[in-house]
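*Asks:* Input upload.cif, format and content: mmCIF, C-alpha atoms.
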data_start
#
loop_
_atom_site.group_PDB
_atom_site.id
_atom_site.type_symbol
_atom_site.label_atom_id
_atom_site.label_comp_id
_atom_site.auth_asym_id
_atom_site.auth_seq_id
_atom_site.Cartn_x
_atom_site.Cartn_y
_atom_site.Cartn_z
ATOM 1 C CA MET A 1387 -28.265 -37.884 14.745
ATOM 2 C CA ASP A 1388 -31.632 -36.128 14.411
ATOM 3 C CA LEU A 1389 -31.379 -33.612 11.561
ATOM 4 C CA ASN A 1390 -33.451 -31.170 13.625
ATOM 5 C CA LEU A 1391 -30.597 -31.027 16.132
ATOM 6 C CA LEU A 1392 -28.259 -29.827 13.396
ATOM 7 C CA VAL A 1393 -30.765 -27.132 12.468
ATOM 8 C CA ALA A 1394 -30.845 -26.078 16.120
ATOM 9 C CA PHE A 1395 -27.033 -26.024 16.263
ATOM 10 C CA ASP A 1396 -26.867 -23.842 13.137
ATOM 11 C CA ALA A 1397 -29.382 -21.395 14.654
ATOM 12 C CA LEU A 1398 -27.436 -21.248 17.932
ATOM 13 C CA MET A 1399 -24.223 -20.476 16.028
ATOM 14 C CA ALA A 1400 -25.978 -17.669 14.160
ATOM 15 C CA GLU A 1401 -27.809 -16.084 17.111
ATOM 16 C CA ARG A 1402 -25.622 -16.984 20.154
ATOM 17 C CA SER A 1403 -28.829 -17.013 22.207
ATOM 18 C CA VAL A 1404 -31.207 -19.873 23.012
ATOM 19 C CA THR A 1405 -34.250 -17.581 22.844
ATOM 20 C CA LYS A 1406 -33.269 -15.878 19.573
ATOM 21 C CA ALA A 1407 -32.270 -19.198 18.017
ATOM 22 C CA GLY A 1408 -35.714 -20.574 18.872
ATOM 23 C CA ILE A 1409 -37.406 -17.596 17.215
ATOM 24 C CA ARG A 1410 -35.171 -18.056 14.158
ATOM 25 C CA ILE A 1411 -36.377 -21.636 13.538
ATOM 26 C CA GLY A 1412 -39.832 -21.481 15.134
ATOM 27 C CA ARG A 1413 -39.156 -23.328 18.412
ATOM 28 C CA THR A 1414 -39.893 -22.453 22.024
ATOM 29 C CA GLN A 1415 -37.127 -21.611 24.439
ATOM 30 C CA PRO A 1416 -37.586 -24.904 26.393
ATOM 31 C CA ALA A 1417 -37.400 -26.888 23.142
ATOM 32 C CA MET A 1418 -34.170 -25.134 22.161
ATOM 33 C CA SER A 1419 -32.688 -25.771 25.605
ATOM 34 C CA ALA A 1420 -33.592 -29.455 25.300
ATOM 35 C CA ALA A 1421 -32.010 -29.590 21.827
ATOM 36 C CA LEU A 1422 -28.795 -28.051 23.185
ATOM 37 C CA THR A 1423 -28.719 -30.612 26.015
ATOM 38 C CA ARG A 1424 -29.075 -33.469 23.509
ATOM 39 C CA LEU A 1425 -26.354 -31.981 21.299
ATOM 40 C CA ARG A 1426 -23.981 -31.725 24.239
ATOM 41 C CA THR A 1427 -24.634 -35.371 25.135
ATOM 42 C CA LEU A 1428 -24.256 -36.667 21.582
ATOM 43 C CA LEU A 1429 -21.142 -34.636 20.753
ATOM 44 C CA LYS A 1430 -19.564 -34.941 24.231
ATOM 45 C CA ASP A 1431 -18.810 -31.217 24.400
ATOM 46 C CA GLU A 1432 -20.343 -28.152 26.036
ATOM 47 C CA LEU A 1433 -20.535 -26.523 22.546
ATOM 48 C CA PHE A 1434 -21.696 -23.148 23.940
ATOM 49 C CA ILE A 1435 -20.597 -21.383 27.133
ATOM 50 C CA ARG A 1436 -22.457 -18.410 28.590
ATOM 51 C CA GLY A 1437 -20.501 -15.155 28.389
ATOM 52 C CA PRO A 1438 -21.113 -11.405 28.699
ATOM 53 C CA ALA A 1439 -22.050 -11.156 25.007
ATOM 54 C CA GLY A 1440 -24.270 -14.254 24.938
ATOM 55 C CA LEU A 1441 -23.386 -17.856 24.167
ATOM 56 C CA GLN A 1442 -19.740 -18.339 23.169
ATOM 57 C CA PRO A 1443 -18.961 -21.372 20.954
ATOM 58 C CA THR A 1444 -16.283 -23.809 22.052
ATOM 59 C CA ALA A 1445 -13.460 -24.896 19.756
ATOM 60 C CA ARG A 1446 -15.452 -28.052 18.910
ATOM 61 C CA ALA A 1447 -18.493 -25.940 17.934
ATOM 62 C CA LEU A 1448 -16.347 -23.728 15.699
ATOM 63 C CA ASP A 1449 -14.940 -26.827 13.980
ATOM 64 C CA LEU A 1450 -18.475 -28.055 13.260
ATOM 65 C CA ALA A 1451 -20.031 -24.746 12.219
ATOM 66 C CA GLU A 1452 -18.776 -24.398 8.646
ATOM 67 C CA PRO A 1453 -19.231 -27.999 7.367
ATOM 68 C CA LEU A 1454 -22.648 -28.374 9.031
ATOM 69 C CA GLY A 1455 -23.825 -24.972 7.770
ATOM 70 C CA ARG A 1456 -22.716 -25.843 4.252
ATOM 71 C CA ALA A 1457 -24.443 -29.246 4.410
ATOM 72 C CA LEU A 1458 -27.708 -27.742 5.675
ATOM 73 C CA ALA A 1459 -27.646 -25.078 2.950
ATOM 74 C CA GLU A 1460 -27.154 -27.778 0.322
ATOM 75 C CA ILE A 1461 -30.052 -29.801 1.737
ATOM 76 C CA GLN A 1462 -32.265 -26.706 1.761
ATOM 77 C CA ARG A 1463 -31.450 -25.920 -1.882
ATOM 78 C CA THR A 1464 -32.223 -29.529 -2.820
ATOM 79 C CA LEU A 1465 -35.589 -29.540 -1.053
ATOM 80 C CA GLU A 1466 -36.581 -26.173 -2.534
ATOM 81 C CA PHE A 1467 -35.991 -27.347 -6.100
ATOM 82 C CA THR A 1468 -39.053 -27.017 -8.323
ATOM 83 C CA GLN A 1469 -39.616 -27.388 -12.040
ATOM 84 C CA GLY A 1470 -40.815 -23.811 -12.345
ATOM 85 C CA PHE A 1471 -39.974 -20.428 -10.898
ATOM 86 C CA ASP A 1472 -42.268 -17.416 -10.601
ATOM 87 C CA PRO A 1473 -40.240 -14.319 -9.662
ATOM 88 C CA MET A 1474 -43.379 -12.301 -8.951
ATOM 89 C CA THR A 1475 -44.412 -14.582 -6.080
ATOM 90 C CA SER A 1476 -41.095 -16.108 -5.017
ATOM 91 C CA GLN A 1477 -39.425 -15.309 -1.696
ATOM 92 C CA ALA A 1478 -36.124 -16.806 -2.864
ATOM 93 C CA SER A 1479 -32.791 -15.485 -1.689
ATOM 94 C CA PHE A 1480 -29.688 -15.410 -3.886
ATOM 95 C CA THR A 1481 -26.062 -14.796 -2.964
ATOM 96 C CA LEU A 1482 -23.936 -12.909 -5.469
ATOM 97 C CA GLY A 1483 -20.141 -12.781 -5.381
ATOM 98 C CA LEU A 1484 -18.679 -9.527 -6.719
ATOM 99 C CA SER A 1485 -15.193 -8.159 -7.159
ATOM 100 C CA ASP A 1486 -14.616 -4.411 -6.753
ATOM 101 C CA HIS A 1487 -15.564 -3.031 -10.161
ATOM 102 C CA PRO A 1488 -18.698 -5.152 -10.798
ATOM 103 C CA THR A 1489 -20.012 -3.975 -7.429
ATOM 104 C CA PHE A 1490 -20.288 -0.471 -8.897
ATOM 105 C CA VAL A 1491 -21.369 -1.575 -12.380
ATOM 106 C CA VAL A 1492 -23.644 -4.579 -11.803
ATOM 107 C CA LEU A 1493 -25.343 -3.957 -8.477
ATOM 108 C CA PRO A 1494 -27.271 -0.734 -9.263
ATOM 109 C CA ARG A 1495 -28.777 -2.202 -12.448
ATOM 110 C CA LEU A 1496 -29.615 -5.524 -10.804
ATOM 111 C CA LEU A 1497 -31.308 -3.930 -7.792
ATOM 112 C CA GLU A 1498 -33.426 -1.769 -10.076
ATOM 113 C CA PHE A 1499 -34.428 -4.846 -12.072
ATOM 114 C CA LEU A 1500 -35.356 -6.828 -8.930
ATOM 115 C CA ARG A 1501 -37.396 -3.907 -7.619
ATOM 116 C CA ASP A 1502 -39.459 -3.881 -10.822
ATOM 117 C CA SER A 1503 -39.665 -7.629 -11.529
ATOM 118 C CA ALA A 1504 -39.228 -9.621 -8.311
ATOM 119 C CA LEU A 1505 -40.072 -7.674 -5.160
ATOM 120 C CA GLY A 1506 -40.054 -10.780 -2.959
ATOM 121 C CA VAL A 1507 -36.586 -11.887 -4.028
ATOM 122 C CA SER A 1508 -33.758 -10.918 -1.671
ATOM 123 C CA LEU A 1509 -30.070 -10.561 -2.448
ATOM 124 C CA GLN A 1510 -26.909 -11.048 -0.404
ATOM 125 C CA VAL A 1511 -23.520 -9.882 -1.717
ATOM 126 C CA LYS A 1512 -20.126 -11.349 -0.893
ATOM 127 C CA HIS A 1513 -16.924 -9.615 -1.948
ATOM 128 C CA PHE A 1514 -13.848 -11.305 -3.385
ATOM 129 C CA ASN A 1515 -10.518 -10.066 -4.762
ATOM 130 C CA ALA A 1516 -8.413 -12.672 -6.552
ATOM 131 C CA ARG A 1517 -9.928 -14.245 -9.668
ATOM 132 C CA ASP A 1518 -9.810 -17.776 -8.286
ATOM 133 C CA ASP A 1519 -11.587 -16.713 -5.078
ATOM 134 C CA ALA A 1520 -14.742 -16.928 -7.196
ATOM 135 C CA THR A 1521 -14.115 -20.621 -7.833
ATOM 136 C CA THR A 1522 -13.566 -21.229 -4.119
ATOM 137 C CA LEU A 1523 -16.858 -19.533 -3.230
ATOM 138 C CA LEU A 1524 -18.764 -21.415 -5.946
ATOM 139 C CA ASP A 1525 -17.274 -24.772 -4.966
ATOM 140 C CA ALA A 1526 -18.233 -24.195 -1.339
ATOM 141 C CA GLY A 1527 -21.773 -23.170 -2.287
ATOM 142 C CA GLU A 1528 -21.283 -19.809 -0.588
ATOM 143 C CA VAL A 1529 -22.449 -17.887 -3.669
ATOM 144 C CA ASP A 1530 -24.860 -18.740 -6.476
ATOM 145 C CA VAL A 1531 -23.158 -16.537 -9.078
ATOM 146 C CA ALA A 1532 -19.836 -14.686 -9.126
ATOM 147 C CA ILE A 1533 -18.928 -11.757 -11.380
ATOM 148 C CA GLY A 1534 -15.338 -10.738 -12.035
ATOM 149 C CA VAL A 1535 -12.503 -11.416 -14.445
ATOM 150 C CA PRO A 1536 -12.510 -14.970 -15.857
ATOM 151 C CA PRO A 1537 -11.369 -17.580 -13.322
ATOM 152 C CA SER A 1538 -8.835 -20.228 -14.180
ATOM 153 C CA SER A 1539 -10.398 -22.769 -16.521
ATOM 154 C CA THR A 1540 -12.194 -25.608 -14.731
ATOM 155 C CA GLY A 1541 -14.806 -27.933 -16.144
ATOM 156 C CA ARG A 1542 -17.113 -27.515 -13.171
ATOM 157 C CA ILE A 1543 -17.276 -23.701 -13.405
ATOM 158 C CA LEU A 1544 -19.316 -22.257 -16.289
ATOM 159 C CA THR A 1545 -18.964 -18.669 -17.489
ATOM 160 C CA LYS A 1546 -20.735 -16.085 -19.642
ATOM 161 C CA PRO A 1547 -19.181 -12.750 -20.760
ATOM 162 C CA LEU A 1548 -21.085 -9.681 -19.543
ATOM 163 C CA PHE A 1549 -19.125 -6.541 -20.448
ATOM 164 C CA GLU A 1550 -15.686 -5.210 -21.339
ATOM 165 C CA GLU A 1551 -13.597 -2.347 -20.006
ATOM 166 C CA ARG A 1552 -10.874 -0.596 -22.010
ATOM 167 C CA PHE A 1553 -7.765 0.899 -20.437
ATOM 168 C CA VAL A 1554 -6.931 4.595 -20.186
ATOM 169 C CA CYS A 1555 -3.893 6.349 -18.730
ATOM 170 C CA VAL A 1556 -4.707 9.036 -16.181
ATOM 171 C CA MET A 1557 -2.711 11.726 -14.419
ATOM 172 C CA SER A 1558 -3.519 14.810 -12.403
ATOM 173 C CA LYS A 1559 -4.781 17.886 -14.270
ATOM 174 C CA ASP A 1560 -1.907 19.739 -12.586
ATOM 175 C CA HIS A 1561 0.745 17.287 -13.769
ATOM 176 C CA PRO A 1562 3.498 18.971 -15.858
ATOM 177 C CA SER A 1563 2.925 16.380 -18.614
ATOM 178 C CA ALA A 1564 -0.889 16.484 -18.493
ATOM 179 C CA VAL A 1565 -1.350 18.225 -21.865
ATOM 180 C CA THR A 1566 1.692 16.710 -23.568
ATOM 181 C CA PRO A 1567 1.128 13.818 -26.003
ATOM 182 C CA LEU A 1568 1.798 10.556 -24.181
ATOM 183 C CA THR A 1569 4.557 8.814 -26.111
ATOM 184 C CA ILE A 1570 6.086 5.565 -24.946
ATOM 185 C CA GLU A 1571 9.241 7.455 -23.952
ATOM 186 C CA ARG A 1572 7.317 9.923 -21.783
ATOM 187 C CA PHE A 1573 5.207 7.061 -20.400
ATOM 188 C CA LEU A 1574 8.317 5.194 -19.222
ATOM 189 C CA ALA A 1575 9.829 8.344 -17.706
ATOM 190 C CA LEU A 1576 6.916 8.764 -15.258
ATOM 191 C CA ASP A 1577 6.293 7.167 -11.859
ATOM 192 C CA HIS A 1578 3.520 4.569 -12.082
ATOM 193 C CA LEU A 1579 0.748 3.371 -9.815
ATOM 194 C CA LEU A 1580 -0.237 -0.296 -10.246
ATOM 195 C CA VAL A 1581 -3.550 -1.724 -9.082
ATOM 196 C CA SER A 1582 -3.186 -5.403 -8.232
ATOM 197 C CA PRO A 1583 -6.004 -7.090 -6.273
ATOM 198 C CA GLU A 1584 -3.763 -10.164 -6.028
ATOM 199 C CA ASN A 1585 -0.813 -8.114 -4.668
ATOM 200 C CA GLU A 1586 1.484 -8.813 -7.596
ATOM 201 C CA ARG A 1587 3.990 -6.285 -8.951
ATOM 202 C CA PHE A 1588 3.452 -7.308 -12.565
ATOM 203 C CA GLY A 1589 0.245 -6.367 -14.365
ATOM 204 C CA HIS A 1590 -1.154 -6.154 -17.913
ATOM 205 C CA VAL A 1591 0.954 -3.090 -18.694
ATOM 206 C CA ASP A 1592 4.136 -4.758 -17.461
ATOM 207 C CA ALA A 1593 3.444 -7.826 -19.592
ATOM 208 C CA ALA A 1594 2.898 -5.659 -22.693
ATOM 209 C CA LEU A 1595 6.097 -3.724 -21.989
ATOM 210 C CA ALA A 1596 8.086 -6.909 -21.387
ATOM 211 C CA ARG A 1597 7.155 -8.166 -24.844
ATOM 212 C CA GLN A 1598 8.989 -5.098 -26.188
ATOM 213 C CA GLY A 1599 11.921 -5.505 -23.811
ATOM 214 C CA LEU A 1600 10.775 -2.480 -21.768
ATOM 215 C CA LYS A 1601 10.091 -1.865 -18.096
ATOM 216 C CA ARG A 1602 8.386 0.903 -16.093
ATOM 217 C CA ARG A 1603 9.075 2.197 -12.587
ATOM 218 C CA LEU A 1604 6.413 1.338 -10.039
ATOM 219 C CA ALA A 1605 6.106 3.984 -7.359
ATOM 220 C CA LEU A 1606 3.059 2.444 -5.666
ATOM 221 C CA THR A 1607 1.198 -0.872 -5.772
ATOM 222 C CA LEU A 1608 -2.169 -1.194 -4.072
ATOM 223 C CA PRO A 1609 -5.063 -3.702 -4.096
ATOM 224 C CA ASN A 1610 -8.023 -1.284 -4.241
ATOM 225 C CA MET A 1611 -8.683 0.076 -7.732
ATOM 226 C CA TYR A 1612 -11.169 2.717 -6.549
ATOM 227 C CA ALA A 1613 -8.506 4.397 -4.410
ATOM 228 C CA ALA A 1614 -6.277 4.874 -7.456
ATOM 229 C CA PRO A 1615 -7.986 7.875 -9.151
ATOM 230 C CA LEU A 1616 -7.838 9.986 -5.973
ATOM 231 C CA LEU A 1617 -4.201 9.088 -5.325
ATOM 232 C CA VAL A 1618 -3.244 9.951 -8.907
ATOM 233 C CA ALA A 1619 -5.172 13.246 -8.754
ATOM 234 C CA ARG A 1620 -3.106 14.268 -5.715
ATOM 235 C CA SER A 1621 0.315 13.184 -6.967
ATOM 236 C CA ASP A 1622 2.664 13.194 -9.957
ATOM 237 C CA MET A 1623 2.048 9.517 -10.667
ATOM 238 C CA ILE A 1624 0.393 8.041 -13.747
ATOM 239 C CA ALA A 1625 -1.932 5.045 -13.641
ATOM 240 C CA THR A 1626 -3.330 2.793 -16.343
ATOM 241 C CA LEU A 1627 -6.878 2.031 -15.230
ATOM 242 C CA MET A 1628 -10.114 0.706 -16.613
ATOM 243 C CA SER A 1629 -12.167 3.551 -18.049
ATOM 244 C CA GLY A 1630 -15.220 2.577 -16.013
ATOM 245 C CA VAL A 1631 -13.275 2.814 -12.769
ATOM 246 C CA VAL A 1632 -12.270 6.398 -13.553
ATOM 247 C CA GLU A 1633 -15.881 7.307 -14.352
ATOM 248 C CA ALA A 1634 -17.366 5.635 -11.273
ATOM 249 C CA SER A 1635 -14.707 6.862 -8.842
ATOM 250 C CA GLY A 1636 -16.054 10.416 -8.650
ATOM 251 C CA HIS A 1637 -12.615 11.876 -9.391
ATOM 252 C CA GLY A 1638 -12.728 11.820 -13.194
ATOM 253 C CA GLY A 1639 -12.959 15.602 -13.278
ATOM 254 C CA ASP A 1640 -9.600 15.908 -11.499
ATOM 255 C CA LEU A 1641 -7.800 13.783 -14.073
ATOM 256 C CA VAL A 1642 -6.551 13.989 -17.642
ATOM 257 C CA ARG A 1643 -7.038 10.876 -19.772
ATOM 258 C CA HIS A 1644 -4.681 9.596 -22.469
ATOM 259 C CA ASP A 1645 -4.804 6.536 -24.676
ATOM 260 C CA PRO A 1646 -2.092 4.081 -23.588
ATOM 261 C CA PRO A 1647 0.997 4.273 -25.830
ATOM 262 C CA LEU A 1648 0.975 0.476 -26.240
ATOM 263 C CA ASP A 1649 -1.555 -2.175 -27.228
ATOM 264 C CA LEU A 1650 -3.637 -3.381 -24.291
ATOM 265 C CA ASP A 1651 -6.532 -5.774 -24.743
ATOM 266 C CA PRO A 1652 -9.722 -4.774 -22.907
ATOM 267 C CA ILE A 1653 -10.666 -6.619 -19.728
ATOM 268 C CA THR A 1654 -13.668 -8.934 -20.001
ATOM 269 C CA PHE A 1655 -15.887 -9.416 -16.962
ATOM 270 C CA VAL A 1656 -17.782 -12.681 -16.803
ATOM 271 C CA MET A 1657 -20.573 -14.255 -14.816
ATOM 272 C CA SER A 1658 -19.507 -17.593 -13.318
ATOM 273 C CA TRP A 1659 -21.599 -20.347 -11.784
ATOM 274 C CA HIS A 1660 -21.141 -23.951 -10.713
ATOM 275 C CA ARG A 1661 -22.224 -26.715 -13.058
ATOM 276 C CA ARG A 1662 -24.366 -28.279 -10.327
ATOM 277 C CA ASN A 1663 -26.651 -25.200 -10.447
ATOM 278 C CA ASP A 1664 -26.832 -24.991 -14.224
ATOM 279 C CA THR A 1665 -30.347 -26.399 -14.736
ATOM 280 C CA HIS A 1666 -32.037 -25.209 -11.543
ATOM 281 C CA PRO A 1667 -34.987 -22.994 -12.626
ATOM 282 C CA ALA A 1668 -34.488 -20.312 -9.965
ATOM 283 C CA GLN A 1669 -30.745 -20.215 -10.547
ATOM 284 C CA ARG A 1670 -31.250 -20.016 -14.293
ATOM 285 C CA TRP A 1671 -33.713 -17.125 -13.867
ATOM 286 C CA PHE A 1672 -31.223 -15.281 -11.661
ATOM 287 C CA ARG A 1673 -28.420 -15.657 -14.208
ATOM 288 C CA ASP A 1674 -30.695 -14.643 -17.086
ATOM 289 C CA SER A 1675 -31.783 -11.575 -15.119
ATOM 290 C CA ILE A 1676 -28.156 -10.480 -14.702
ATOM 291 C CA ALA A 1677 -27.234 -11.175 -18.320
ATOM 292 C CA SER A 1678 -30.262 -9.311 -19.663
ATOM 293 C CA GLN A 1679 -28.922 -6.027 -18.250
ATOM 294 C CA TRP A 1680 -26.134 -6.148 -20.875
ATOM 295 C CA GLY A 1681 -27.962 -7.962 -23.662
ATOM 296 C CA ALA A 1682 -25.724 -10.972 -23.007
#
Could you write out this structure as structure tokens?
*Replies:*
Amino acid sequence: MDLNLLVAFDALMAERSVTKAGIRIGRTQPAMSAALTRLRTLLKDELFIRGPAGLQPTARALDLAEPLGRALAEIQRTLEFTQGFDPMTSQASFTLGLSDHPTFVVLPRLLEFLRDSALGVSLQVKHFNARDDATTLLDAGEVDVAIGVPPSSTGRILTKPLFEERFVCVMSKDHPSAVTPLTIERFLALDHLLVSPENERFGHVDAALARQGLKRRLALTLPNMYAAPLLVARSDMIATLMSGVVEASGHGGDLVRHDPPLDLDPITFVMSWHRRNDTHPAQRWFRDSIASQWGA
């Protein structure tokens, strides 16, 4: 199999057009058509069928797309490896995996830094929810760095703490208990909103309460933490949220904050990367650039 045919296949999957695929990889339209003919012969499948929206991949093409794309990306990273990295002249592209909160906290600072220090460097962002989604993305080579809560411990995934977020309890300014001291008894008497990106009905607060033999009533569980402040502001519910989420949500002025009436450790957000990228100069520069925004 000629490796150039795999490059042509990857371009056809991305563009769904022989002409656009040729432009993408610097080939003429006849050359791309010839490459597609050879691919069809070698793989014994039509691979792409003409449709109203361009070329439509067959089931065989869809089966091949992900593993071949991943292999080509790995080859490209290997061939681009150098012993030095100059951010001022580099045209490198990095892919950053972010969970909800780091998107609001990390991305503005990082974009400002890249604008001032590495104009040629481009950035792609992929979102993830569950903590171990970061490991999946790193293992697959789909992201260079992921930022979120610490993933489950694995020897191949390295981490570095970036920042912490403390918890606050919030309720609407119009809530009957808004100005009343928040005792544990009053806390348990209220209806609670739980944010759970992993769709579980048992969070940090529930674990802390369980250690005291206590339990709260969950009125609402949702996966999106940035929807929580608005929902609390327009209801009689109480939510225990990260302070930074309240600030960044734009609804902090509609809420009253209280310290939680129980001990809750702050949440640490970490930068994670795969061990195979640990010594790569460009990857190391990218990680150092992120960490420098927090003095980490």
*Asks:* Pick from A:Val1554, A:Ala1593, A:Ala1677, A:Val1491: nearest to A:Ile1624, with all atoms listed in the file counted?
*Replies:* A:Val1554
*Asks:* Residues of stretch 1434-1494 of chain A that approach stretch 1648-1659 of chain A to 10 Å or less, counting only C-alpha atoms: could you list each one with the shortest pair of atoms and its distance in Å to one decimal, rows by chain and increasing residue number, as a Markdown table?
*Replies:*
| residue | atom | partner | partner_atom | distance |
| --- | --- | --- | --- | --- |
| A:Gly1483 | CA | A:Ser1658 | CA | 9.3 |
| A:Leu1484 | CA | A:Met1657 | CA | 9.6 |
| A:Ser1485 | CA | A:Phe1655 | CA | 9.9 |
| A:His1487 | CA | A:Phe1655 | CA | 9.3 |
| A:Pro1488 | CA | A:Phe1655 | CA | 8.0 |
*Asks:* So what does the PyMOL selection byres ((chain A and resi 1586) around 12) actually pick up in this one, as a list in words?
*Replies:* Ala1516, Leu1580, Val1581, Ser1582, Pro1583, Glu1584, Asn1585, Arg1587, Phe1588, Gly1589, His1590, Asp1592, Leu1604, Leu1606, Thr1607, Leu1608 and Pro1609 of chain A
*Asks:* In Å, rounded to a single decimal, give me how far atom CA of A:Ser1503 is from atom CA of A:Leu1523.
*Replies:* 27.0 Å
*Asks:* Spell out the residues picked by the PyMOL selection byres ((chain A and resi 1496) around 12) here, as JSON, numbers by chain.
*Replies:* {"A": [1482, 1488, 1489, 1490, 1491, 1492, 1493, 1494, 1495, 1497, 1498, 1499, 1500, 1501, 1502, 1503, 1504, 1507, 1508, 1509, 1511, 1672, 1673, 1674, 1675, 1676, 1677, 1678, 1679, 1680]}
*Asks:* Could you expand the PyMOL selection byres ((chain A and resi 1630) around 12) into the explicit residues it covers here, written as a count of residues only?
*Replies:* 30
*Asks:* A:Pro1443: which residues within 7 Å, counting only C-alpha atoms, same-chain residues fewer than 6 positions away excluded, as a list in words?
*Replies:*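 Here the qualifying residues turn out to be Leu1433, Phe1434 and Ile1435 of chain A.
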*Asks:* So that I can check the surroundings of A:Met1557, please list as a list in words every protein, DNA and RNA residue that reaches within 8 Å of it, counting all atoms listed in the file and ignoring chain neighbours fewer than 4 positions away.
*Replies:*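 Non-adjacent residues within range: His1561, Ala1564, Val1618, Ala1619, Asp1622, Met1623, Ile1624, Ala1625, Leu1641, Val1642 and Arg1643 of chain A.
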*Asks:* Please indicate the distance in Å from atom CA of A:Thr1423 to atom CA of A:Asp1449, rounded to one decimal place.
*Replies:* 18.7 Å
*Asks:* Quick one: pull the distance between atom CA of A:Gly1506 and atom CA of A:Thr1475, Å, one decimal.
*Replies:*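 These atoms are spaced 6.6 Å apart.
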*Asks:* Using all atoms listed in the file, which of A:Arg1602, A:His1660, A:Lys1430, A:Arg1402 sits nearest A:Thr1545?
*Replies:*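 Between A:Arg1602, A:His1660, A:Lys1430, A:Arg1402, the residue approaching A:Thr1545 most closely is A:His1660.
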*Asks:* Which of these residues is nearest to A:Pro1647, using all atoms listed in the file: A:Thr1569, A:Thr1540, A:Thr1481, A:Thr1522?
*Replies:*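 Of A:Thr1569, A:Thr1540, A:Thr1481, A:Thr1522, the one nearest A:Pro1647, counting all atoms listed in the file, is A:Thr1569.
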*Asks:* Which is closer to A:Leu1391 than all the others in A:Ser1403, A:Ser1419, A:Gln1669, A:Gln1442, using only C-alpha atoms?
*Replies:* A:Ser1419
*Asks:* So, counting all atoms listed in the file, which residue among A:Leu1448, A:Leu1600, A:Ala1594, A:Ala1613 is closest to A:Leu1574?
*Replies:*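 Once distances to A:Leu1574 are computed over all atoms listed in the file, the minimum belongs to A:Leu1600.
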